[in-house]
Amino acid sequence: MASTVTYRPTTPGRRGMTNQDLSNITTKKPVRSLLVMKKRGSGRNNQGRITTRHKGGGSKKFYRLVNFKLADGIKATIEHIEYDPNRSARIARIKETNGTYHYILAAQGMRVGQKVSSGQEVGIDVGNRLPLKNIPIGSSVHAIELKVGGGAQLVRSAGASAQLMGRDNGYAQMRLPSGEVRLVNENCIASIGVVGNEQHQNIKLGKAGRNRHKGVRPTVRGVVMNAVDHPHGGGDGGRHGIGGGKNHGAAPKTPWGQKTLGYKTRRRKVTDQFIVRSRHVSKRRRS
């Protein structure tokens, strides 16, 4: 199991800082044919206006073309486990018998030289991709399709996995990492195993500069702004809770007046009919 790397406390920033263990990375040279330039918009739309705050700067990086929908019948060998700066998980470089290269998500236990396959009747081995209808009940899977042939959309982050709970009427019940139980067409494809690099969540940045390298700019709290800049700002004579002044005791809001903290912002979608158990059920029981 991968672990985090600690540092000697030679500076305040190093004290408590941890980093990823890269001992399982087998190469530093990605396949050039699977790299593309990644244009950074710094949180701006096509009109140049900031639509997502606190983005900008950061280290330059190429995007790796990860294949989220391997075709049926592919049989390949894992050549390398690589670092991907664009995601929390590791990626595996696989090579088909005809010499074609692909990148796929690296699952826990993947190793160089291992064989991976994709198809209807392939073995239940880590990294293999096959339909949910052919996967045993109780198995842990990742990189799950939501639409048949649409490519993996669910469970792609480091350390994540979903459990196949059961099948009925052409649908598979999947328990997702959030706790939600959802129906997915049993013809959708999924990969066997748990996404690797499970220690990603335990990394401590240690200093603000590492966030800037990731392209994250500083965030300022609304309560320390002026009233003209944020609904939480202002408050003559000192701080008076969220908003202060006439807004004392008001519900927390975004800079544009949208309620937050407990306010439902997700519009009802047609896909809600496939949710068997909401991810909020356990929260309601605790309250």
# chains A, B, ... in the order shown; residues from 1 in each chain; ligands from 1
call {"tool": "residues_around", "arguments": {"residues": "Gln120 of chain A", "least_positions_apart": "4", "cutoff": "12 Å", "atoms": "only C-alpha atoms", "output": "number ranges by chain"}}
result
A: 71-74, 124, 128-135, 186-190
call {"tool": "residues_around", "arguments": {"residues": "Met110 of chain A", "least_positions_apart": "4", "cutoff": "9 Å", "atoms": "only C-alpha atoms", "output": "PDB file with C-alpha atoms, in the first residue's frame"}}
result
ATOM      1  CA  ILE A  78       0.683  -2.902 -18.731  1.00  0.00           C
ATOM      2  CA  ILE A  81       2.425   3.093 -14.118  1.00  0.00           C
ATOM      3  CA  ALA A  92      -1.372   2.861 -16.541  1.00  0.00           C
ATOM      4  CA  ALA A 106      -4.461   2.470 -12.585  1.00  0.00           C
ATOM      5  CA  GLN A 114       0.057  -7.589 -16.039  1.00  0.00           C
ATOM      6  CA  VAL A 126      -8.224  -6.207 -11.506  1.00  0.00           C
ATOM      7  CA  GLY A 127      -8.237  -3.747 -14.419  1.00  0.00           C
ATOM      8  CA  GLY A 196      -5.162   3.342  -6.846  1.00  0.00           C
TER       9      GLY A 196
END
call {"tool": "select_by_dssp", "arguments": {"residues": "segment 79-268 of chain A", "states": "strand (DSSP E)", "output": "PyMOL selection string"}}
result
chain A and resi 79-82+91-96+101-105+115-117+129-131+140-142+144-145+152-154+162-168+171-175+181-185+189-192
call {"tool": "closest_residue", "arguments": {"among": "A:His280, A:Lys61, A:Arg210, A:Arg156", "to": "Leu105 of chain A", "atoms": "only C-alpha atoms"}}
result
A:Arg156
call {"tool": "atom_distance", "arguments": {"atom1": "atom CA of Leu146 of chain A", "atom2": "atom CA of Asn86 of chain A"}}
result
22.1 Å
call {"tool": "decode", "arguments": {"residues": "segment 154-185 of chain A", "atoms": "N, CA and C atoms", "output": "compact mmCIF listing (two decimals), in the first residue's frame"}}
result
# COMPACT_ATOMS: atom_id res chain seq x y z
N LEU A 154 -18.43 7.64 -13.76
CA LEU A 154 -18.52 7.56 -12.31
C LEU A 154 -17.28 6.88 -11.73
N VAL A 155 -16.91 7.29 -10.52
CA VAL A 155 -15.89 6.63 -9.69
C VAL A 155 -14.55 6.60 -10.42
N ARG A 156 -13.90 7.75 -10.51
CA ARG A 156 -12.62 7.83 -11.21
C ARG A 156 -11.53 8.47 -10.36
N SER A 157 -11.83 8.88 -9.12
CA SER A 157 -10.85 9.55 -8.29
C SER A 157 -10.02 8.54 -7.49
N ALA A 158 -8.89 9.00 -6.98
CA ALA A 158 -7.97 8.15 -6.24
C ALA A 158 -8.65 7.52 -5.03
N GLY A 159 -8.49 6.21 -4.87
CA GLY A 159 -9.03 5.50 -3.73
C GLY A 159 -10.51 5.22 -3.77
N ALA A 160 -11.20 5.60 -4.85
CA ALA A 160 -12.65 5.45 -4.93
C ALA A 160 -13.03 4.09 -5.49
N SER A 161 -14.19 3.62 -5.09
CA SER A 161 -14.75 2.39 -5.64
C SER A 161 -16.25 2.38 -5.38
N ALA A 162 -16.97 1.64 -6.19
CA ALA A 162 -18.41 1.42 -6.01
C ALA A 162 -18.63 -0.07 -5.85
N GLN A 163 -19.71 -0.42 -5.16
CA GLN A 163 -20.02 -1.83 -4.93
C GLN A 163 -21.28 -2.22 -5.67
N LEU A 164 -21.21 -3.34 -6.37
CA LEU A 164 -22.38 -3.87 -7.07
C LEU A 164 -23.27 -4.58 -6.05
N MET A 165 -24.46 -3.99 -5.77
CA MET A 165 -25.34 -4.50 -4.72
C MET A 165 -26.28 -5.58 -5.22
N GLY A 166 -26.71 -5.48 -6.47
CA GLY A 166 -27.66 -6.45 -6.99
C GLY A 166 -28.10 -6.07 -8.40
N ARG A 167 -28.93 -6.92 -8.99
CA ARG A 167 -29.45 -6.68 -10.34
C ARG A 167 -30.92 -7.05 -10.39
N ASP A 168 -31.69 -6.24 -11.17
CA ASP A 168 -33.11 -6.52 -11.30
C ASP A 168 -33.67 -5.74 -12.47
N ASN A 169 -34.47 -6.39 -13.30
CA ASN A 169 -35.17 -5.75 -14.42
C ASN A 169 -34.23 -4.97 -15.34
N GLY A 170 -33.07 -5.53 -15.60
CA GLY A 170 -32.15 -4.89 -16.54
C GLY A 170 -31.29 -3.80 -15.96
N TYR A 171 -31.38 -3.58 -14.66
CA TYR A 171 -30.57 -2.55 -14.01
C TYR A 171 -29.75 -3.15 -12.88
N ALA A 172 -28.59 -2.55 -12.65
CA ALA A 172 -27.72 -2.95 -11.55
C ALA A 172 -27.78 -1.88 -10.47
N GLN A 173 -27.85 -2.31 -9.22
CA GLN A 173 -27.82 -1.37 -8.09
C GLN A 173 -26.39 -1.16 -7.67
N MET A 174 -25.94 0.11 -7.74
CA MET A 174 -24.56 0.45 -7.41
C MET A 174 -24.55 1.34 -6.17
N ARG A 175 -23.73 0.97 -5.19
CA ARG A 175 -23.52 1.85 -4.04
C ARG A 175 -22.27 2.67 -4.32
N LEU A 176 -22.46 3.98 -4.51
CA LEU A 176 -21.39 4.87 -4.90
C LEU A 176 -20.59 5.34 -3.68
N PRO A 177 -19.41 5.93 -3.89
CA PRO A 177 -18.60 6.39 -2.76
C PRO A 177 -19.31 7.39 -1.85
N SER A 178 -20.28 8.14 -2.38
CA SER A 178 -21.00 9.12 -1.57
C SER A 178 -22.02 8.48 -0.64
N GLY A 179 -22.29 7.17 -0.83
CA GLY A 179 -23.33 6.49 -0.07
C GLY A 179 -24.63 6.35 -0.84
N GLU A 180 -24.74 7.04 -1.96
CA GLU A 180 -25.93 6.94 -2.79
C GLU A 180 -26.01 5.57 -3.45
N VAL A 181 -27.21 5.02 -3.49
CA VAL A 181 -27.46 3.77 -4.22
C VAL A 181 -28.23 4.14 -5.49
N ARG A 182 -27.68 3.78 -6.61
CA ARG A 182 -28.21 4.24 -7.89
C ARG A 182 -28.36 3.08 -8.86
N LEU A 183 -29.40 3.16 -9.71
CA LEU A 183 -29.61 2.16 -10.75
C LEU A 183 -28.82 2.54 -12.00
N VAL A 184 -28.09 1.57 -12.54
CA VAL A 184 -27.31 1.76 -13.76
C VAL A 184 -27.64 0.60 -14.70
N ASN A 185 -27.81 0.91 -15.96
CA ASN A 185 -28.09 -0.14 -16.95
C ASN A 185 -27.05 -1.24 -16.86
